[in-house]
Structure formats: structure tokens, C-alpha cells
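*Asks:* Take a look at this one; I'll ask things after.
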Amino acid sequence: MQTKVCGYKSKIKKKIIREKLHRLPAKMYVGNKTIAFTICIKNNRNLFESTKMFEYFEKELILSLEKNNCTAHVYLFMPDHLHLIVEGYSEDSNIKKAIELFKQKTGYWLTKNMSDYKWQKDYYDHIIRDDEDMRNQIKYILYNPVRASLVENWKDYKFKGSTIYNFEEWE
């Protein structure tokens with residue numbers, strides 16, 4: 001391919017930059033589904049280290065889930081990322097829209113208030129296939145702060161919650 005650079009012909013190959021397409025089709029996020037997510041802060045920067053920050057992001061997460069007919073089995077904000085398991089509870093539930101709304105609203109807030117912090121562009125997700133998978137994913141998420149040496153017992157970690165369960169009742 002030839003291109004003109006400053007009036008001269010050049011044989012520079014243009015590299016086409018393509019955005020990574022999300023691996024699941026949009027229909028996989030609609031209806032009665034359950035999906036685990038990991039959403040990271042760009043450049044692994046620590047953001048979630050204060051109760052005030054956690055409470056703001058928790059509020060926006062819950063509002064985004066409710067607006068899209070979803071619940072959260074668990075959500076846990078590590079210093080530089082968020083783990084959560086979201087379930088759509090009706091045929092018109094849209095898990096992807098809930099996550100996108102949450103990232104949009106909190107991303108806008110970050111731009112206005114903490115401009116050097118941003119969400120990574122995409123996220124990691126995993127469709128929960130059965131009860132055993134659900135138990136394993138919840139355990140993995142709740143024990144994440146223990147593995148990171150932030151607490152000795154998962155119950156002591158403050159930046160977690162659920163719209164379904166009361167973790168105080170759990171062993």
C-alpha cells in the first residue's frame with residue numbers, strides 16, 4: 001500500500017488497530033443468567049482503599065443493577081479491581097447493560113474528580129454454569145483479600161457486599 005507522507009510517496013504499511021471484541025455475544029447477557037466479572041482499574045492503580053470511595057461505587061453498582069433487573073450474589077472491591085457475580089432475574093434482565101452503566105457512571109465521576117484514574121476498557125467474565133461453579137466463584141472472590149494478605153479472615157474485609165445474602169450469617 002502506498003501512502004503520501006508530506007507530499008512524498010512512501011511504502012509505509014498502515015497498521016490497522018482493531019478493538020478487541022468482547023468474547024460473548026450480547027444475547028448471552030440477557031435473561032436469567034449468572035455471570036462472574038473482574039473489572040480492573042487501568043494500570044493496576046489502587047483506588048478502593050477508603051470507606052468513602054467504596055460507598056460511592058457500591059451505591060452506583062446497586063443502582064445500575066436495579067435499573068437492569070439484576071442482583072449481585074457478591075461484590076468485592078480490591079484496591080485495584082472489582083470482583084462480582086451478577087444474576088439477571090427476569091427475561092428482560094440485561095447484565096451487560098448493568099455493567100456498562102456502572103462503568104460509564106463511575107468512569108464519568110472519576111474523570112471529573114480523579115482524572116488520573118480510569119477503568120480498564122474491557123473486563124473479564126465467566127458464565128456460572130451450575131451450583132458448584134457458583135460456590136467456587138463466591139469462595140474465590142471472598143478469599144481474595146486473604147490471599148492478598150489484606151486480612152486474615154474474609155469476614156474482616158470491609159469492601160464487600162451482596163444484594164442477596166447477609167454475609168454475617170455465613171461461616
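Every chain in the C-alpha cells has a letter given in the order shown (A, B, ...), and although residue numbers restart at 1 in each chain, ligands are simply numbered from 1 in the order shown.
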Using only C-alpha atoms, which residues sit within 7 Å of segment 70-78 of chain A once same-chain residues fewer than 3 positions away are excluded, as a list in words?
*Replies:*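 Within the cut-off, the hits are Phe48, Leu65, Glu66, His81, Leu82, His83, Leu84, Ile85, Val86, Glu87, Gly88, Tyr89, Ser93, Ile95, Ile138, Ile141, Phe159, Lys160, Gly161, Ser162, Thr163, Ile164 and Tyr165 of chain A.
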*Asks:* Running DSSP on the backbone, which parts of segment 80-152 of chain A land in helix (DSSP H, G or I), as an mmCIF file with N, CA and C atoms, in the first residue's frame?
*Replies:*
data_model
loop_
_atom_site.group_PDB
_atom_site.id
_atom_site.type_symbol
_atom_site.label_atom_id
_atom_site.label_comp_id
_atom_site.auth_asym_id
_atom_site.auth_seq_id
_atom_site.Cartn_x
_atom_site.Cartn_y
_atom_site.Cartn_z
ATOM 1 N N ILE A 95 -27.492 -8.042 31.946
ATOM 2 C CA ILE A 95 -26.305 -7.961 32.794
ATOM 3 C C ILE A 95 -25.251 -7.058 32.168
ATOM 4 N N LYS A 96 -25.035 -7.194 30.874
ATOM 5 C CA LYS A 96 -24.018 -6.379 30.206
ATOM 6 C C LYS A 96 -24.347 -4.902 30.307
ATOM 7 N N LYS A 97 -25.613 -4.544 30.106
ATOM 8 C CA LYS A 97 -26.013 -3.138 30.231
ATOM 9 C C LYS A 97 -25.804 -2.631 31.655
ATOM 10 N N ALA A 98 -26.050 -3.484 32.646
ATOM 11 C CA ALA A 98 -25.840 -3.089 34.038
ATOM 12 C C ALA A 98 -24.365 -2.778 34.281
ATOM 13 N N ILE A 99 -23.485 -3.634 33.804
ATOM 14 C CA ILE A 99 -22.048 -3.420 33.991
ATOM 15 C C ILE A 99 -21.591 -2.185 33.220
ATOM 16 N N GLU A 100 -22.062 -2.043 31.985
ATOM 17 C CA GLU A 100 -21.674 -0.875 31.183
ATOM 18 C C GLU A 100 -22.168 0.431 31.808
ATOM 19 N N LEU A 101 -23.393 0.431 32.350
ATOM 20 C CA LEU A 101 -23.919 1.622 33.010
ATOM 21 C C LEU A 101 -23.078 1.963 34.240
ATOM 22 N N PHE A 102 -22.752 0.961 35.026
ATOM 23 C CA PHE A 102 -21.919 1.170 36.210
ATOM 24 C C PHE A 102 -20.566 1.770 35.820
ATOM 25 N N LYS A 103 -19.914 1.173 34.815
ATOM 26 C CA LYS A 103 -18.603 1.681 34.395
ATOM 27 C C LYS A 103 -18.719 3.094 33.806
ATOM 28 N N GLN A 104 -19.795 3.361 33.090
ATOM 29 C CA GLN A 104 -19.982 4.692 32.498
ATOM 30 C C GLN A 104 -20.159 5.751 33.581
ATOM 31 N N LYS A 105 -21.061 5.486 34.530
ATOM 32 C CA LYS A 105 -21.349 6.477 35.568
ATOM 33 C C LYS A 105 -20.132 6.704 36.470
ATOM 34 N N THR A 106 -19.480 5.628 36.883
ATOM 35 C CA THR A 106 -18.322 5.784 37.765
ATOM 36 C C THR A 106 -17.115 6.305 36.987
ATOM 37 N N GLY A 107 -17.007 5.933 35.717
ATOM 38 C CA GLY A 107 -15.924 6.456 34.886
ATOM 39 C C GLY A 107 -16.042 7.961 34.706
ATOM 40 N N TYR A 108 -17.264 8.438 34.513
ATOM 41 C CA TYR A 108 -17.506 9.882 34.399
ATOM 42 C C TYR A 108 -17.127 10.575 35.703
ATOM 43 N N TRP A 109 -17.536 9.973 36.828
ATOM 44 C CA TRP A 109 -17.197 10.542 38.133
ATOM 45 C C TRP A 109 -15.676 10.611 38.305
ATOM 46 N N LEU A 110 -14.986 9.549 37.908
ATOM 47 C CA LEU A 110 -13.523 9.552 38.006
ATOM 48 C C LEU A 110 -12.920 10.663 37.151
ATOM 49 N N THR A 111 -13.422 10.836 35.930
ATOM 50 C CA THR A 111 -12.913 11.887 35.042
ATOM 51 C C THR A 111 -13.059 13.263 35.689
ATOM 52 N N LYS A 112 -14.187 13.496 36.350
ATOM 53 C CA LYS A 112 -14.449 14.796 36.971
ATOM 54 C C LYS A 112 -13.696 14.996 38.292
ATOM 55 N N ASN A 113 -13.462 13.913 39.033
ATOM 56 C CA ASN A 113 -12.934 14.038 40.391
ATOM 57 C C ASN A 113 -11.524 13.493 40.598
ATOM 58 N N ASP A 131 -24.386 -24.975 40.382
ATOM 59 C CA ASP A 131 -24.226 -24.616 41.794
ATOM 60 C C ASP A 131 -22.783 -24.755 42.278
ATOM 61 N N GLU A 132 -22.105 -25.792 41.827
ATOM 62 C CA GLU A 132 -20.714 -25.991 42.248
ATOM 63 C C GLU A 132 -19.826 -24.852 41.738
ATOM 64 N N ASP A 133 -20.029 -24.464 40.490
ATOM 65 C CA ASP A 133 -19.292 -23.347 39.921
ATOM 66 C C ASP A 133 -19.587 -22.074 40.724
ATOM 67 N N MET A 134 -20.845 -21.852 41.088
ATOM 68 C CA MET A 134 -21.231 -20.684 41.880
ATOM 69 C C MET A 134 -20.498 -20.681 43.225
ATOM 70 N N ARG A 135 -20.528 -21.812 43.931
ATOM 71 C CA ARG A 135 -19.834 -21.901 45.223
ATOM 72 C C ARG A 135 -18.345 -21.594 45.068
ATOM 73 N N ASN A 136 -17.727 -22.178 44.041
ATOM 74 C CA ASN A 136 -16.292 -21.955 43.821
ATOM 75 C C ASN A 136 -15.981 -20.494 43.518
ATOM 76 N N GLN A 137 -16.812 -19.869 42.699
ATOM 77 C CA GLN A 137 -16.594 -18.456 42.351
ATOM 78 C C GLN A 137 -16.779 -17.543 43.565
ATOM 79 N N ILE A 138 -17.825 -17.787 44.355
ATOM 80 C CA ILE A 138 -18.054 -16.969 45.556
ATOM 81 C C ILE A 138 -16.892 -17.138 46.525
ATOM 82 N N LYS A 139 -16.460 -18.369 46.728
ATOM 83 C CA LYS A 139 -15.331 -18.626 47.636
ATOM 84 C C LYS A 139 -14.068 -17.937 47.121
ATOM 85 N N TYR A 140 -13.812 -18.036 45.825
ATOM 86 C CA TYR A 140 -12.640 -17.387 45.242
ATOM 87 C C TYR A 140 -12.676 -15.879 45.508
ATOM 88 N N ILE A 141 -13.833 -15.273 45.283
ATOM 89 C CA ILE A 141 -13.965 -13.823 45.471
ATOM 90 C C ILE A 141 -13.794 -13.437 46.932
ATOM 91 N N LEU A 142 -14.496 -14.114 47.832
ATOM 92 C CA LEU A 142 -14.437 -13.745 49.244
ATOM 93 C C LEU A 142 -13.048 -13.949 49.848
ATOM 94 N N ASN A 144 -10.216 -13.580 48.206
ATOM 95 C CA ASN A 144 -9.228 -12.775 47.500
ATOM 96 C C ASN A 144 -8.446 -11.856 48.441
ATOM 97 N N PRO A 145 -9.087 -11.135 49.361
ATOM 98 C CA PRO A 145 -8.321 -10.282 50.276
ATOM 99 C C PRO A 145 -7.420 -11.071 51.236
ATOM 100 N N VAL A 146 -7.804 -12.295 51.537
ATOM 101 C CA VAL A 146 -6.965 -13.152 52.381
ATOM 102 C C VAL A 146 -5.705 -13.551 51.611
ATOM 103 N N ARG A 147 -5.889 -13.983 50.363
ATOM 104 C CA ARG A 147 -4.738 -14.347 49.525
ATOM 105 C C ARG A 147 -3.810 -13.160 49.295
#
*Asks:* Pick the closest to Cys40 of chain A from A:Lys67, A:Gln120, A:Met114, A:Trp170: which is it, counting only C-alpha atoms?
*Replies:*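 Residue with the minimum atom-to-atom distance to Cys40 of chain A: A:Gln120.
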*Asks:* Between A:Val151, A:Ala26, A:Thr38, A:Lys158, which one has atoms that come closest to Lys52 of chain A, using only C-alpha atoms?
*Replies:*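 Using only C-alpha atoms, Lys52 of chain A sits closest to A:Lys158.
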*Asks:* Identify which of the residues A:Lys155, A:Lys118, A:Lys33, A:Lys59 lies closest to Leu47 of chain A, counting only C-alpha atoms when measuring atom-to-atom distances.
*Replies:*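 Ranked by minimum distance to Leu47 of chain A, first place goes to A:Lys118.
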*Asks:* Select from chain A everything DSSP, run on the backbone, classes as strand (DSSP E), then give the selection as a PyMOL selection string.
*Replies:* chain A and resi 3-5+8-10+34-40+70-78+81-88+124-127+160-161
*Asks:* Export, as an mmCIF file, in the first residue's frame, the selected residues with C-alpha atoms.
*Replies:*
data_model
loop_
_atom_site.group_PDB
_atom_site.id
_atom_site.type_symbol
_atom_site.label_atom_id
_atom_site.label_comp_id
_atom_site.auth_asym_id
_atom_site.auth_seq_id
_atom_site.Cartn_x
_atom_site.Cartn_y
_atom_site.Cartn_z
ATOM 1 C CA THR A 3 0.597 6.499 1.041
ATOM 2 C CA LYS A 4 1.659 10.108 0.677
ATOM 3 C CA VAL A 5 3.664 11.498 3.556
ATOM 4 C CA TYR A 8 6.267 12.102 -0.989
ATOM 5 C CA LYS A 9 5.144 8.616 -1.894
ATOM 6 C CA SER A 10 6.031 6.085 0.728
ATOM 7 C CA THR A 34 -25.444 -15.570 36.182
ATOM 8 C CA ILE A 35 -22.024 -14.190 35.277
ATOM 9 C CA ALA A 36 -18.866 -13.525 37.295
ATOM 10 C CA PHE A 37 -16.869 -10.395 36.433
ATOM 11 C CA THR A 38 -13.494 -8.919 37.209
ATOM 12 C CA ILE A 39 -13.203 -5.227 36.359
ATOM 13 C CA CYS A 40 -9.804 -3.572 36.761
ATOM 14 C CA CYS A 70 -30.144 -7.734 38.161
ATOM 15 C CA THR A 71 -28.868 -8.747 41.582
ATOM 16 C CA ALA A 72 -25.366 -9.313 42.924
ATOM 17 C CA HIS A 73 -24.584 -12.543 44.753
ATOM 18 C CA VAL A 74 -21.330 -10.915 45.804
ATOM 19 C CA TYR A 75 -19.256 -7.854 45.008
ATOM 20 C CA LEU A 76 -15.834 -7.188 46.444
ATOM 21 C CA PHE A 77 -13.669 -4.150 45.755
ATOM 22 C CA MET A 78 -9.966 -4.976 45.969
ATOM 23 C CA HIS A 81 -10.119 -4.128 40.862
ATOM 24 C CA LEU A 82 -13.659 -5.302 41.456
ATOM 25 C CA HIS A 83 -14.986 -8.859 41.556
ATOM 26 C CA LEU A 84 -18.696 -9.519 41.315
ATOM 27 C CA ILE A 85 -21.239 -12.159 40.429
ATOM 28 C CA VAL A 86 -24.341 -10.744 38.769
ATOM 29 C CA GLU A 87 -27.604 -12.562 38.117
ATOM 30 C CA GLY A 88 -30.397 -11.481 35.820
ATOM 31 C CA TYR A 124 -13.090 -10.467 32.365
ATOM 32 C CA ASP A 125 -16.238 -12.544 32.659
ATOM 33 C CA HIS A 126 -17.276 -16.118 33.234
ATOM 34 C CA ILE A 127 -20.721 -17.651 32.854
ATOM 35 C CA LYS A 160 -17.724 -6.269 50.012
ATOM 36 C CA GLY A 161 -21.447 -6.856 49.833
#
*Asks:* In Å, with one decimal, what is the gap from atom CA of Val30 of chain A to atom CA of Glu91 of chain A?
*Replies:*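 A separation of 7.0 Å between them.
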*Asks:* Can you work out which one of A:Tyr123, A:Phe54, A:Tyr29, A:Tyr117 has the shortest atom-to-atom distance to Asn68 of chain A, counting only C-alpha atoms?
*Replies:*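 Closest to Asn68 of chain A, using only C-alpha atoms: A:Tyr29.
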*Asks:* Which distance in Å separates atom CA of Ala148 of chain A and atom CA of Ser50 of chain A, to one decimal?
*Replies:*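 Answer for the atom CA of Ala148 of chain A to atom CA of Ser50 of chain A separation: 17.0 Å.
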*Asks:* Between atom CA of Asp122 of chain A and atom CA of Asn44 of chain A, what distance in Å does the model show, to one decimal?
*Replies:*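 So the two atoms, atom CA of Asp122 of chain A and atom CA of Asn44 of chain A, lie 13.6 Å apart.
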